[in-house]
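Structure file model.pdb; described as PDB, C-alpha atoms and all ligand atoms.
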```pdb
ATOM      1  CA  MET A 169     -23.237  10.899  10.385
ATOM      2  CA  ALA A 170     -20.151   8.761  10.786
ATOM      3  CA  HIS A 171     -18.989   7.086   7.615
ATOM      4  CA  GLU A 172     -19.672   3.398   7.140
ATOM      5  CA  PHE A 173     -17.038   0.666   6.979
ATOM      6  CA  ILE A 174     -16.872  -0.383   3.325
ATOM      7  CA  ILE A 175     -14.957  -3.556   2.474
ATOM      8  CA  HIS A 176     -13.867  -4.130  -1.121
ATOM      9  CA  HIS A 177     -13.463  -7.905  -1.351
ATOM     10  CA  TYR A 178     -14.809 -11.134  -2.843
ATOM     11  CA  PRO A 179     -16.297 -14.155  -1.070
ATOM     12  CA  THR A 180     -13.432 -16.622  -1.732
ATOM     13  CA  SER A 181     -10.678 -14.260  -0.519
ATOM     14  CA  PRO A 182      -8.942 -15.747   2.551
ATOM     15  CA  PHE A 183      -7.403 -12.443   3.695
ATOM     16  CA  SER A 184     -10.856 -10.868   3.554
ATOM     17  CA  GLU A 185     -12.127 -13.688   5.747
ATOM     18  CA  LYS A 186      -9.917 -12.373   8.580
ATOM     19  CA  VAL A 187     -11.693  -9.038   8.398
ATOM     20  CA  ARG A 188     -15.150 -10.613   8.104
ATOM     21  CA  VAL A 189     -14.442 -12.736  11.195
ATOM     22  CA  VAL A 190     -13.395  -9.667  13.207
ATOM     23  CA  PHE A 191     -16.639  -7.943  12.179
ATOM     24  CA  GLY A 192     -18.358 -11.074  13.515
ATOM     25  CA  MET A 193     -16.469 -10.823  16.834
ATOM     26  CA  LYS A 194     -17.538  -7.233  17.223
ATOM     27  CA  GLY A 195     -21.075  -7.752  15.875
ATOM     28  CA  MET A 196     -20.528  -4.836  13.504
ATOM     29  CA  ALA A 197     -22.541  -3.616  10.536
ATOM     30  CA  TRP A 198     -20.515  -3.019   7.367
ATOM     31  CA  ARG A 199     -20.941  -2.488   3.656
ATOM     32  CA  SER A 200     -19.720  -5.019   1.131
ATOM     33  CA  VAL A 201     -18.457  -4.083  -2.333
ATOM     34  CA  GLU A 202     -17.644  -7.146  -4.412
ATOM     35  CA  ILE A 203     -14.521  -6.674  -6.546
ATOM     36  CA  PRO A 204     -13.014  -8.939  -9.252
ATOM     37  CA  ASN A 205     -10.506 -11.584  -8.095
ATOM     38  CA  MET A 206      -7.997 -10.431 -10.712
ATOM     39  CA  MET A 207      -7.055  -7.304 -12.606
ATOM     40  CA  PRO A 208      -8.498  -5.140 -14.059
ATOM     41  CA  LYS A 209     -10.260  -3.574 -11.064
ATOM     42  CA  PRO A 210     -11.445  -0.321 -12.601
ATOM     43  CA  ASP A 211     -13.542   0.775  -9.614
ATOM     44  CA  LEU A 212     -10.820   0.003  -7.059
ATOM     45  CA  MET A 213      -7.812   1.674  -8.699
ATOM     46  CA  PRO A 214      -9.150   5.247  -8.339
ATOM     47  CA  LEU A 215      -9.381   4.610  -4.584
ATOM     48  CA  THR A 216      -6.013   2.951  -3.971
ATOM     49  CA  GLY A 217      -3.881   4.533  -6.699
ATOM     50  CA  GLY A 218      -2.472   1.181  -7.829
ATOM     51  CA  TYR A 219      -2.570  -1.200  -4.842
ATOM     52  CA  ARG A 220      -4.408  -4.228  -6.238
ATOM     53  CA  LYS A 221      -4.684  -6.767  -3.445
ATOM     54  CA  THR A 222      -7.802  -7.883  -1.621
ATOM     55  CA  PRO A 223      -9.251  -6.699   0.729
ATOM     56  CA  VAL A 224      -9.248  -2.905   0.836
ATOM     57  CA  MET A 225     -11.254  -0.949   3.412
ATOM     58  CA  GLN A 226     -12.782   2.449   2.730
ATOM     59  CA  ILE A 227     -14.188   4.837   5.299
ATOM     60  CA  GLY A 228     -15.342   7.949   3.461
ATOM     61  CA  ALA A 229     -12.236   9.322   1.725
ATOM     62  CA  ASP A 230      -9.824   7.208   3.812
ATOM     63  CA  ILE A 231      -8.605   4.034   2.138
ATOM     64  CA  TYR A 232      -6.859   1.229   4.068
ATOM     65  CA  CYS A 233      -4.650  -1.245   2.187
ATOM     66  CA  ASP A 234      -3.671  -4.604   3.740
ATOM     67  CA  THR A 235      -5.389  -6.496   6.561
ATOM     68  CA  GLN A 236      -2.712  -5.393   9.039
ATOM     69  CA  ILE A 237      -3.827  -1.757   8.866
ATOM     70  CA  ILE A 238      -7.491  -2.636   8.244
ATOM     71  CA  LEU A 239      -7.738  -4.645  11.480
ATOM     72  CA  ARG A 240      -5.821  -2.000  13.450
ATOM     73  CA  GLU A 241      -8.165   0.715  12.200
ATOM     74  CA  ILE A 242     -11.339  -1.255  12.934
ATOM     75  CA  GLU A 243     -10.111  -1.703  16.511
ATOM     76  CA  ARG A 244      -9.189   1.984  16.825
ATOM     77  CA  ARG A 245     -12.634   3.112  15.708
ATOM     78  CA  VAL A 246     -14.633   0.386  17.484
ATOM     79  CA  PRO A 247     -12.592  -0.586  20.553
ATOM     80  CA  GLU A 248     -15.345  -2.603  22.271
ATOM     81  CA  PRO A 249     -15.677  -5.518  22.364
ATOM     82  CA  ALA A 250     -11.889  -5.623  22.107
ATOM     83  CA  ALA A 251     -10.429  -7.805  19.377
ATOM     84  CA  MET A 252      -6.892  -6.651  20.149
ATOM     85  CA  PRO A 253      -6.336  -6.568  23.914
ATOM     86  CA  ASN A 254      -2.572  -6.237  24.454
ATOM     87  CA  ALA A 255      -2.140  -6.902  20.754
ATOM     88  CA  GLY A 256       1.607  -6.404  20.146
ATOM     89  CA  LEU A 257       2.679  -9.858  19.071
ATOM     90  CA  SER A 258      -0.642 -10.732  17.458
ATOM     91  CA  PHE A 259       0.740  -8.740  14.526
ATOM     92  CA  ALA A 260       3.675 -11.154  14.376
ATOM     93  CA  LEU A 261       1.144 -13.974  14.355
ATOM     94  CA  GLY A 262      -0.439 -12.192  11.387
ATOM     95  CA  PHE A 263       2.873 -12.414   9.535
ATOM     96  CA  TRP A 264       3.042 -16.127  10.280
ATOM     97  CA  SER A 265      -0.441 -16.709   8.884
ATOM     98  CA  ASP A 266       0.064 -14.450   5.848
ATOM     99  CA  ARG A 267       3.461 -15.738   4.809
ATOM    100  CA  PRO A 268       4.766 -19.233   5.767
ATOM    101  CA  PHE A 269       1.386 -20.787   6.586
ATOM    102  CA  PHE A 270      -0.284 -19.188   3.529
ATOM    103  CA  GLN A 271       2.621 -20.268   1.294
ATOM    104  CA  ALA A 272       2.001 -23.867   2.350
ATOM    105  CA  THR A 273      -1.749 -23.582   1.734
ATOM    106  CA  VAL A 274      -1.688 -21.999  -1.741
ATOM    107  CA  PRO A 275       0.211 -24.817  -3.530
ATOM    108  CA  LEU A 276      -1.949 -27.456  -1.838
ATOM    109  CA  ILE A 277      -5.050 -25.831  -3.300
ATOM    110  CA  PHE A 278      -3.770 -24.762  -6.705
ATOM    111  CA  GLY A 279      -1.786 -27.993  -7.230
ATOM    112  CA  GLU A 280      -5.147 -29.747  -7.047
ATOM    113  CA  ILE A 281      -7.543 -27.325  -8.770
ATOM    114  CA  GLY A 282      -4.889 -25.870 -11.135
ATOM    115  CA  PRO A 283      -6.138 -27.541 -14.327
ATOM    116  CA  MET A 284      -9.576 -25.922 -13.747
ATOM    117  CA  VAL A 285      -8.186 -22.427 -13.202
ATOM    118  CA  PRO A 286      -8.878 -20.000 -16.098
ATOM    119  CA  GLU A 287      -5.906 -18.890 -18.168
ATOM    120  CA  ALA A 288      -6.606 -15.212 -17.390
ATOM    121  CA  PHE A 289      -6.277 -15.943 -13.654
ATOM    122  CA  ILE A 290      -2.953 -17.723 -14.189
ATOM    123  CA  LYS A 291      -1.602 -14.804 -16.233
ATOM    124  CA  ASP A 292      -2.775 -12.375 -13.556
ATOM    125  CA  ARG A 293      -1.063 -14.278 -10.742
ATOM    126  CA  GLU A 294       2.144 -14.567 -12.772
ATOM    127  CA  LYS A 295       2.140 -10.783 -13.047
ATOM    128  CA  MET A 296       1.560 -10.503  -9.319
ATOM    129  CA  PHE A 297       4.464 -12.924  -8.579
ATOM    130  CA  PRO A 298       6.860 -12.075 -11.433
ATOM    131  CA  GLU A 299       9.651 -14.329 -10.133
ATOM    132  CA  ARG A 300       7.398 -17.373  -9.755
ATOM    133  CA  PRO A 301       5.606 -19.098 -12.670
ATOM    134  CA  PHE A 302       2.099 -20.346 -11.842
ATOM    135  CA  ASP A 303       2.919 -23.979 -12.560
ATOM    136  CA  HIS A 304       0.238 -26.230 -11.149
ATOM    137  CA  ALA A 305       2.147 -29.405 -12.048
ATOM    138  CA  GLN A 306       5.045 -28.130  -9.942
ATOM    139  CA  MET A 307       2.651 -27.214  -7.128
ATOM    140  CA  LYS A 308       1.137 -30.686  -7.283
ATOM    141  CA  ALA A 309       4.600 -32.235  -7.155
ATOM    142  CA  ALA A 310       5.318 -30.163  -4.025
ATOM    143  CA  ALA A 311       2.125 -31.355  -2.298
ATOM    144  CA  PRO A 312       3.789 -33.981  -0.055
ATOM    145  CA  ILE A 313       6.180 -31.360   1.307
ATOM    146  CA  MET A 314       3.383 -28.815   1.724
ATOM    147  CA  LYS A 315       1.167 -31.330   3.530
ATOM    148  CA  ASP A 316       3.973 -31.809   6.067
ATOM    149  CA  GLN A 317       4.302 -28.047   6.434
ATOM    150  CA  TRP A 318       0.575 -27.531   6.794
ATOM    151  CA  ARG A 319       0.320 -30.263   9.404
ATOM    152  CA  ALA A 320       3.168 -28.721  11.425
ATOM    153  CA  HIS A 321       1.517 -25.281  11.383
ATOM    154  CA  VAL A 322      -1.806 -26.746  12.502
ATOM    155  CA  GLY A 323       0.158 -28.543  15.208
ATOM    156  CA  PHE A 324       1.114 -25.110  16.630
ATOM    157  CA  LEU A 325      -2.583 -24.331  17.017
ATOM    158  CA  ASP A 326      -3.288 -27.672  18.572
ATOM    159  CA  ALA A 327      -0.569 -27.132  21.173
ATOM    160  CA  GLN A 328      -1.917 -23.657  21.969
ATOM    161  CA  LEU A 329      -5.368 -25.154  22.614
ATOM    162  CA  LYS A 330      -4.070 -28.045  24.710
ATOM    163  CA  ASP A 331      -4.911 -26.447  28.068
ATOM    164  CA  GLY A 332      -8.598 -26.472  27.138
ATOM    165  CA  ARG A 333      -8.869 -22.781  26.282
ATOM    166  CA  GLU A 334     -11.745 -21.760  24.028
ATOM    167  CA  PHE A 335      -9.774 -19.280  21.944
ATOM    168  CA  ILE A 336      -6.152 -18.709  20.968
ATOM    169  CA  SER A 337      -5.117 -15.546  22.757
ATOM    170  CA  PRO A 338      -2.953 -15.701  25.859
ATOM    171  CA  SER A 339      -3.969 -12.119  26.750
ATOM    172  CA  THR A 340      -7.618 -13.027  27.404
ATOM    173  CA  GLY A 341      -6.706 -16.371  28.948
ATOM    174  CA  GLY A 342      -8.375 -17.835  25.886
ATOM    175  CA  ALA A 343     -11.850 -16.990  27.188
ATOM    176  CA  LYS A 344     -12.665 -14.501  24.451
ATOM    177  CA  PRO A 345     -12.032 -14.432  20.728
ATOM    178  CA  THR A 346      -9.419 -11.976  19.476
ATOM    179  CA  VAL A 347      -7.701 -11.080  16.249
ATOM    180  CA  SER A 348      -5.291 -13.974  16.919
ATOM    181  CA  ASP A 349      -8.175 -16.350  16.214
ATOM    182  CA  ALA A 350      -8.791 -14.625  12.884
ATOM    183  CA  HIS A 351      -5.103 -15.008  11.974
ATOM    184  CA  CYS A 352      -5.100 -18.693  12.886
ATOM    185  CA  TYR A 353      -8.425 -19.325  11.166
ATOM    186  CA  MET A 354      -7.570 -17.963   7.706
ATOM    187  CA  ASN A 355      -5.559 -20.838   6.216
ATOM    188  CA  LEU A 356      -7.838 -23.503   7.640
ATOM    189  CA  TRP A 357     -10.824 -21.668   6.174
ATOM    190  CA  PHE A 358      -9.033 -21.422   2.799
ATOM    191  CA  LEU A 359      -8.208 -25.134   2.599
ATOM    192  CA  LYS A 360     -11.614 -26.185   3.949
ATOM    193  CA  SER A 361     -13.368 -23.980   1.366
ATOM    194  CA  GLY A 362     -11.180 -25.103  -1.561
ATOM    195  CA  LEU A 363     -10.517 -28.757  -0.747
ATOM    196  CA  PRO A 364     -12.783 -29.888   2.086
ATOM    197  CA  GLN A 365     -11.768 -33.510   1.739
ATOM    198  CA  LEU A 366      -8.041 -32.871   2.043
ATOM    199  CA  ALA A 367      -8.662 -30.466   4.925
ATOM    200  CA  GLY A 368     -10.723 -33.155   6.649
ATOM    201  CA  THR A 369      -7.933 -35.704   6.226
ATOM    202  CA  LEU A 370      -5.227 -33.369   7.475
ATOM    203  CA  LEU A 371      -7.309 -32.182  10.441
ATOM    204  CA  ALA A 372      -8.516 -35.632  11.514
ATOM    205  CA  GLU A 373      -5.726 -35.953  14.099
ATOM    206  CA  PHE A 374      -6.598 -32.530  15.597
ATOM    207  CA  PRO A 375     -10.154 -32.682  17.021
ATOM    208  CA  ARG A 376      -9.361 -29.788  19.391
ATOM    209  CA  VAL A 377      -8.525 -27.615  16.404
ATOM    210  CA  GLU A 378     -11.737 -28.634  14.648
ATOM    211  CA  ALA A 379     -13.752 -27.727  17.767
ATOM    212  CA  TRP A 380     -12.004 -24.323  18.004
ATOM    213  CA  TYR A 381     -12.585 -23.786  14.273
ATOM    214  CA  ALA A 382     -16.324 -24.353  14.780
ATOM    215  CA  ARG A 383     -16.342 -21.763  17.602
ATOM    216  CA  VAL A 384     -14.660 -19.150  15.394
ATOM    217  CA  LYS A 385     -16.977 -19.945  12.495
ATOM    218  CA  ALA A 386     -19.985 -19.486  14.800
ATOM    219  CA  LEU A 387     -18.905 -15.868  15.416
ATOM    220  CA  GLY A 388     -20.224 -15.101  11.935
ATOM    221  CA  HIS A 389     -19.421 -12.056   9.825
ATOM    222  CA  GLY A 390     -21.393  -9.284  11.528
ATOM    223  CA  LYS A 391     -24.015  -7.541   9.405
ATOM    224  CA  PRO A 392     -22.887  -6.922   5.807
ATOM    225  CA  THR A 393     -25.086  -5.024   3.354
ATOM    226  CA  PRO A 394     -24.099  -4.998  -0.325
ATOM    227  CA  MET A 395     -23.001  -1.725  -1.903
ATOM    228  CA  ASP A 396     -22.472  -0.942  -5.552
ATOM    229  CA  ALA A 397     -18.860  -0.084  -6.472
ATOM    230  CA  LYS A 398     -19.960   3.176  -8.094
ATOM    231  CA  GLU A 399     -21.671   4.213  -4.876
ATOM    232  CA  ALA A 400     -18.377   3.677  -3.021
ATOM    233  CA  LEU A 401     -16.604   5.965  -5.508
ATOM    234  CA  ARG A 402     -19.298   8.591  -5.043
ATOM    235  CA  ILE A 403     -18.920   8.407  -1.256
ATOM    236  CA  ALA A 404     -15.152   8.942  -1.547
ATOM    237  CA  LYS A 405     -15.699  11.921  -3.801
ATOM    238  CA  THR A 406     -18.127  13.696  -1.478
ATOM    239  CA  ALA A 407     -16.230  12.864   1.741
ATOM    240  CA  THR A 408     -13.171  14.536   3.258
ATOM    241  CA  SER A 409     -10.388  12.447   4.773
ATOM    242  CA  GLU A 410     -10.261  12.398   8.559
ATOM    243  CA  ALA A 411      -6.438  12.045   8.557
ATOM    244  CA  LYS A 412      -4.706  14.950  10.322
ATOM    245  CA  PRO A 413      -1.203  16.018   9.301
ATOM    246  CA  SER A 414       1.332  15.364  12.015
ATOM    247  CA  ALA A 415       5.109  15.097  12.144
ATOM    248  CA  ASP A 416       6.885  11.870  13.077
ATOM    249  CA  PRO A 417       9.656  12.963  15.452
ATOM    250  CA  HIS A 418      11.309   9.535  15.487
ATOM    251  CA  ASP A 419      11.332   8.870  11.744
ATOM    252  CA  PRO A 420      14.824   7.457  11.137
ATOM    253  CA  ASN A 421      14.721   8.951   7.617
ATOM    254  CA  SER A 422      13.476  12.416   8.690
ATOM    255  CA  ARG A 423      10.436  12.229   6.434
ATOM    256  CA  LYS A 424       7.779  14.841   7.067
ATOM    257  CA  PRO A 425       4.215  15.704   6.056
ATOM    258  CA  GLY A 426       4.126  16.936   2.462
ATOM    259  CA  ASP A 427       7.037  14.740   1.301
ATOM    260  CA  ARG A 428       6.269  12.863  -1.910
ATOM    261  CA  VAL A 429       6.766   9.127  -1.535
ATOM    262  CA  SER A 430       5.853   5.849  -3.140
ATOM    263  CA  VAL A 431       4.664   2.956  -0.990
ATOM    264  CA  MET A 432       4.501  -0.695  -2.015
ATOM    265  CA  PRO A 433       4.261  -4.177  -0.497
ATOM    266  CA  ASP A 434       7.615  -5.964  -0.127
ATOM    267  CA  ASP A 435       6.354  -9.415  -1.091
ATOM    268  CA  TYR A 436       4.075  -9.659  -4.163
ATOM    269  CA  GLY A 437       1.720  -7.398  -6.060
ATOM    270  CA  ARG A 438       4.424  -4.736  -5.667
ATOM    271  CA  ASP A 439       2.516  -1.900  -7.330
ATOM    272  CA  PRO A 440       3.743   1.448  -6.004
ATOM    273  CA  VAL A 441       1.243   4.068  -4.811
ATOM    274  CA  VAL A 442       2.484   7.647  -4.983
ATOM    275  CA  GLY A 443       1.299  10.510  -2.781
ATOM    276  CA  GLU A 444       2.231  13.125  -0.181
ATOM    277  CA  ILE A 445       2.704  12.118   3.435
ATOM    278  CA  VAL A 446      -0.100  13.288   5.746
ATOM    279  CA  PHE A 447       1.275  11.467   8.790
ATOM    280  CA  SER A 448       3.475   8.523   9.557
ATOM    281  CA  ASN A 449       4.655   6.594  12.575
ATOM    282  CA  ALA A 450       6.207   3.217  13.332
ATOM    283  CA  GLN A 451       3.052   1.328  12.276
ATOM    284  CA  GLU A 452       1.256   3.455   9.697
ATOM    285  CA  ILE A 453       1.856   5.801   6.804
ATOM    286  CA  ALA A 454      -0.987   7.859   5.304
ATOM    287  CA  ILE A 455      -0.481   9.516   1.930
ATOM    288  CA  LYS A 456      -2.714  11.938   0.080
ATOM    289  CA  ARG A 457      -3.404  11.591  -3.602
ATOM    290  CA  ASN A 458      -5.950  12.721  -6.113
ATOM    291  CA  ASN A 459      -7.911  11.025  -8.841
ATOM    292  CA  PRO A 460     -10.689  12.613 -10.898
ATOM    293  CA  ALA A 461     -13.165   9.826 -10.015
ATOM    294  CA  VAL A 462     -12.738  10.274  -6.238
ATOM    295  CA  GLY A 463     -11.097  13.681  -5.696
ATOM    296  CA  ASP A 464      -8.624  13.880  -2.792
ATOM    297  CA  VAL A 465      -8.275  10.660  -0.827
ATOM    298  CA  VAL A 466      -5.816   9.503   1.839
ATOM    299  CA  VAL A 467      -4.422   5.987   1.475
ATOM    300  CA  HIS A 468      -3.195   4.252   4.641
ATOM    301  CA  PHE A 469      -0.604   1.459   4.707
ATOM    302  CA  PRO A 470       1.068  -0.541   7.474
ATOM    303  CA  ARG A 471       4.853  -0.099   7.835
ATOM    304  CA  ALA A 472       5.919  -3.714   8.475
ATOM    305  CA  GLY A 473       5.990  -5.454   5.096
ATOM    306  CA  PHE A 474       5.822  -2.223   3.068
ATOM    307  CA  TRP A 475       8.603  -0.148   1.509
ATOM    308  CA  VAL A 476       8.486   3.639   1.477
ATOM    309  CA  MET A 477      10.686   5.390  -1.069
ATOM    310  CA  THR A 478      11.166   8.965  -2.182
ATOM    311  CA  ALA A 479       9.097   9.581  -5.333
TER     312      ALA A 479
HETATM  313  N1  LIG K   1      -0.783  -8.668   2.852
HETATM  314  C1  LIG K   1      -2.089  -8.574   2.213
HETATM  315  C2  LIG K   1      -2.331  -9.804   1.367
HETATM  316  C3  LIG K   1      -3.622  -9.746   0.599
HETATM  317  C4  LIG K   1      -3.706 -10.803  -0.492
HETATM  318  O1  LIG K   1      -2.711 -11.416  -0.913
HETATM  319  N2  LIG K   1      -4.912 -11.032  -0.965
HETATM  320  C5  LIG K   1      -5.122 -11.927  -2.081
HETATM  321  C6  LIG K   1      -6.541 -12.445  -2.060
HETATM  322  S1  LIG K   1      -7.026 -13.103  -0.507
HETATM  323  C7  LIG K   1      -4.998 -11.131  -3.361
HETATM  324  O2  LIG K   1      -4.832  -9.935  -3.311
HETATM  325  N3  LIG K   1      -5.114 -11.784  -4.495
HETATM  326  C8  LIG K   1      -5.110 -11.068  -5.741
HETATM  327  C9  LIG K   1      -6.358 -10.291  -5.993
HETATM  328  O3  LIG K   1      -7.337 -10.386  -5.240
HETATM  329  O4  LIG K   1      -6.372  -9.579  -6.990
HETATM  330  C10 LIG K   1      -3.133  -8.399   3.310
HETATM  331  O5  LIG K   1      -2.875  -8.766   4.461
HETATM  332  O6  LIG K   1      -4.188  -7.832   3.034
END
```
Turn the structure described in the file into structure tokens.
Amino acid sequence: MAHEFIIHHYPTSPFSEKVRVVFGMKGMAWRSVEIPNMMPKPDLMPLTGGYRKTPVMQIGADIYCDTQIILREIERRVPEPAAMPNAGLSFALGFWSDRPFFQATVPLIFGEIGPMVPEAFIKDREKMFPERPFDHAQMKAAAPIMKDQWRAHVGFLDAQLKDGREFISPSTGGAKPTVSDAHCYMNLWFLKSGLPQLAGTLLAEFPRVEAWYARVKALGHGKPTPMDAKEALRIAKTATSEAKPSADPHDPNSRKPGDRVSVMPDDYGRDPVVGEIVFSNAQEIAIKRNNPAVGDVVVHFPRAGFWVMTA
């Protein structure tokens, strides 16, 4: 039997919402393991080897870190209905949603709800962003600037929808939802969930965007069934990775299967994961590691936005 898609996530996670929306587009069944929204994550670390962000996808003994590789892998395994037709630059759109647009959304939310946020969460996020104190007064002071930024980013969406298309993607003529909709949806979903009133005010001038948002929301989340975290560990332990060793003839650094490397995100939560290369290419690196709780697992990362170093 093919392994199930297991998502390690929590309901309020905006990056996880991208993945849930793509499951909705494809009408897929998946398993849902709820993880804490801060460290420690004792049932996740054996799987990832240190990567601590949310979400993480597990398929048997293969572990996928970061939505970029998670979405690519879902499409590879379940190509129809296509969420990534001609998907090249949709990945660039992903960077836009994950970085500048997200960085305008976070201070808007935490500037407002900051005083209610537990101390442990603040400490955790300060560890995740060591160069940036979690100062909600500062975030609140930046709100006017961030509102301007947020409005400008939503304006991009509005302009894309101006020709009456139902969905964002140019490659489907906008007739069908694609991963581009999930990228564009994330920050609106985050602000609407955290501060519905502010979102309503900022979106009032963009009825087309609101109508598109409702269409994406109506796609749903597919069919999730809860799974206990311990069950996910057990599945990893009994499964064997499906990753096949293969050389990367164009690797500019001449890395090869078996080389020991450490891989980490280049932005925040820069926890290195160490293992031996199974395969790598321009878009993916898969490394094998072992942990007593899960045995041998292969952890997959995207290349854009991640650093690979000799370990
Ligand atoms: N580039 C990552 C970003 C993931 C991310 O920042 N997720 C947030 C939650 S939505 C996070 O990890 N927060 C800290 C945590 O959950 O411990 C991706 O695309 O998956």
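Proximity ranking of A:Pro283, A:Phe278, A:Phe335, A:Thr346 relative to Ser258 (chain A) places A:Thr346 first, based on all atoms listed in the file.
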With all atoms listed in the file counted and 9 Å as the cut-off, give the residues of chain A in contact with ligand LIG 1 (chain K), each with its shortest interatomic distance in Å and the pair that gives it, as a tab-separated table.
```
residue	atom	partner	partner_atom	distance
A:His177	CA	K:LIG1	O3	7.7
A:Tyr178	CA	K:LIG1	O3	7.9
A:Thr180	CA	K:LIG1	S1	7.4
A:Ser181	CA	K:LIG1	S1	3.8
A:Pro182	CA	K:LIG1	S1	4.5
A:Phe183	CA	K:LIG1	S1	4.3
A:Ser184	CA	K:LIG1	S1	6.0
A:Glu185	CA	K:LIG1	S1	8.1
A:Lys186	CA	K:LIG1	O5	8.9
A:Ile203	CA	K:LIG1	O3	8.2
A:Pro204	CA	K:LIG1	O4	7.0
A:Asn205	CA	K:LIG1	O3	4.4
A:Met206	CA	K:LIG1	O4	4.1
A:Met207	CA	K:LIG1	O4	6.1
A:Pro208	CA	K:LIG1	O4	8.6
A:Lys209	CA	K:LIG1	O4	8.2
A:Arg220	CA	K:LIG1	O4	5.7
A:Lys221	CA	K:LIG1	O2	3.2
A:Thr222	CA	K:LIG1	O2	4.0
A:Pro223	CA	K:LIG1	O6	5.7
A:Val224	CA	K:LIG1	O6	7.4
A:Cys233	CA	K:LIG1	O6	6.7
A:Asp234	CA	K:LIG1	O6	3.3
A:Thr235	CA	K:LIG1	O6	4.0
A:Gln236	CA	K:LIG1	O5	5.7
A:Ile237	CA	K:LIG1	O5	8.3
A:Ile238	CA	K:LIG1	O6	8.1
A:Gly262	CA	K:LIG1	O5	8.1
A:Phe263	CA	K:LIG1	N1	8.5
A:Asp266	CA	K:LIG1	O5	6.5
A:Arg267	CA	K:LIG1	N1	8.5
A:Asp292	CA	K:LIG1	O4	8.0
A:Arg293	CA	K:LIG1	C8	7.2
A:Met296	CA	K:LIG1	C8	7.6
A:Pro433	CA	K:LIG1	N1	7.5
A:Asp435	CA	K:LIG1	N1	8.2
A:Tyr436	CA	K:LIG1	O1	7.7
A:Gly437	CA	K:LIG1	O2	7.5
A:Gly473	CA	K:LIG1	N1	7.8
```
List the spatial neighbours of region 210-214 of chain A as a PyMOL selection string - criterion: any atom at most 12 Å away, all atoms listed in the file, same-chain residues fewer than 5 positions off excluded. chain A and resi 175-177+201-205+219-226+229+231-233+396-402+404-405+439-441+457-467
The PyMOL selection byres (((chain A and resi 388) around 12) and not hetatm) - which residues does that actually catch in the file I just gave you? List them as a PDB file with C-alpha atoms, in the coordinates of the input.
```pdb
ATOM      1  CA  GLU A 185     -12.127 -13.688   5.747  1.00  0.00           C
ATOM      2  CA  LYS A 186      -9.917 -12.373   8.580  1.00  0.00           C
ATOM      3  CA  VAL A 187     -11.693  -9.038   8.398  1.00  0.00           C
ATOM      4  CA  ARG A 188     -15.150 -10.613   8.104  1.00  0.00           C
ATOM      5  CA  VAL A 189     -14.442 -12.736  11.195  1.00  0.00           C
ATOM      6  CA  VAL A 190     -13.395  -9.667  13.207  1.00  0.00           C
ATOM      7  CA  PHE A 191     -16.639  -7.943  12.179  1.00  0.00           C
ATOM      8  CA  GLY A 192     -18.358 -11.074  13.515  1.00  0.00           C
ATOM      9  CA  MET A 193     -16.469 -10.823  16.834  1.00  0.00           C
ATOM     10  CA  LYS A 194     -17.538  -7.233  17.223  1.00  0.00           C
ATOM     11  CA  GLY A 195     -21.075  -7.752  15.875  1.00  0.00           C
ATOM     12  CA  MET A 196     -20.528  -4.836  13.504  1.00  0.00           C
ATOM     13  CA  ALA A 197     -22.541  -3.616  10.536  1.00  0.00           C
ATOM     14  CA  ALA A 350      -8.791 -14.625  12.884  1.00  0.00           C
ATOM     15  CA  TYR A 381     -12.585 -23.786  14.273  1.00  0.00           C
ATOM     16  CA  ALA A 382     -16.324 -24.353  14.780  1.00  0.00           C
ATOM     17  CA  ARG A 383     -16.342 -21.763  17.602  1.00  0.00           C
ATOM     18  CA  VAL A 384     -14.660 -19.150  15.394  1.00  0.00           C
ATOM     19  CA  LYS A 385     -16.977 -19.945  12.495  1.00  0.00           C
ATOM     20  CA  ALA A 386     -19.985 -19.486  14.800  1.00  0.00           C
ATOM     21  CA  LEU A 387     -18.905 -15.868  15.416  1.00  0.00           C
ATOM     22  CA  HIS A 389     -19.421 -12.056   9.825  1.00  0.00           C
ATOM     23  CA  GLY A 390     -21.393  -9.284  11.528  1.00  0.00           C
ATOM     24  CA  LYS A 391     -24.015  -7.541   9.405  1.00  0.00           C
ATOM     25  CA  PRO A 392     -22.887  -6.922   5.807  1.00  0.00           C
TER      26      PRO A 392
END
```
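Between CA of Arg240 (chain A) and CA of Asp349 (chain A) the interatomic distance comes to 14.8 Å.
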Long-range neighbours of region 419-421 of chain A as a PDB file with C-alpha atoms, keeping the file's coordinate frame, 12 Å cut-off, all atoms listed in the file, 3 positions minimum in chain:
```
ATOM      1  CA  SER A 414       1.332  15.364  12.015  1.00  0.00           C
ATOM      2  CA  ALA A 415       5.109  15.097  12.144  1.00  0.00           C
ATOM      3  CA  ASP A 416       6.885  11.870  13.077  1.00  0.00           C
ATOM      4  CA  LYS A 424       7.779  14.841   7.067  1.00  0.00           C
ATOM      5  CA  PRO A 425       4.215  15.704   6.056  1.00  0.00           C
ATOM      6  CA  ASP A 427       7.037  14.740   1.301  1.00  0.00           C
ATOM      7  CA  PHE A 447       1.275  11.467   8.790  1.00  0.00           C
ATOM      8  CA  SER A 448       3.475   8.523   9.557  1.00  0.00           C
ATOM      9  CA  ASN A 449       4.655   6.594  12.575  1.00  0.00           C
ATOM     10  CA  ALA A 450       6.207   3.217  13.332  1.00  0.00           C
ATOM     11  CA  GLN A 451       3.052   1.328  12.276  1.00  0.00           C
ATOM     12  CA  GLU A 452       1.256   3.455   9.697  1.00  0.00           C
ATOM     13  CA  ILE A 453       1.856   5.801   6.804  1.00  0.00           C
ATOM     14  CA  ARG A 471       4.853  -0.099   7.835  1.00  0.00           C
ATOM     15  CA  VAL A 476       8.486   3.639   1.477  1.00  0.00           C
ATOM     16  CA  MET A 477      10.686   5.390  -1.069  1.00  0.00           C
ATOM     17  CA  THR A 478      11.166   8.965  -2.182  1.00  0.00           C
TER      18      THR A 478
END
```
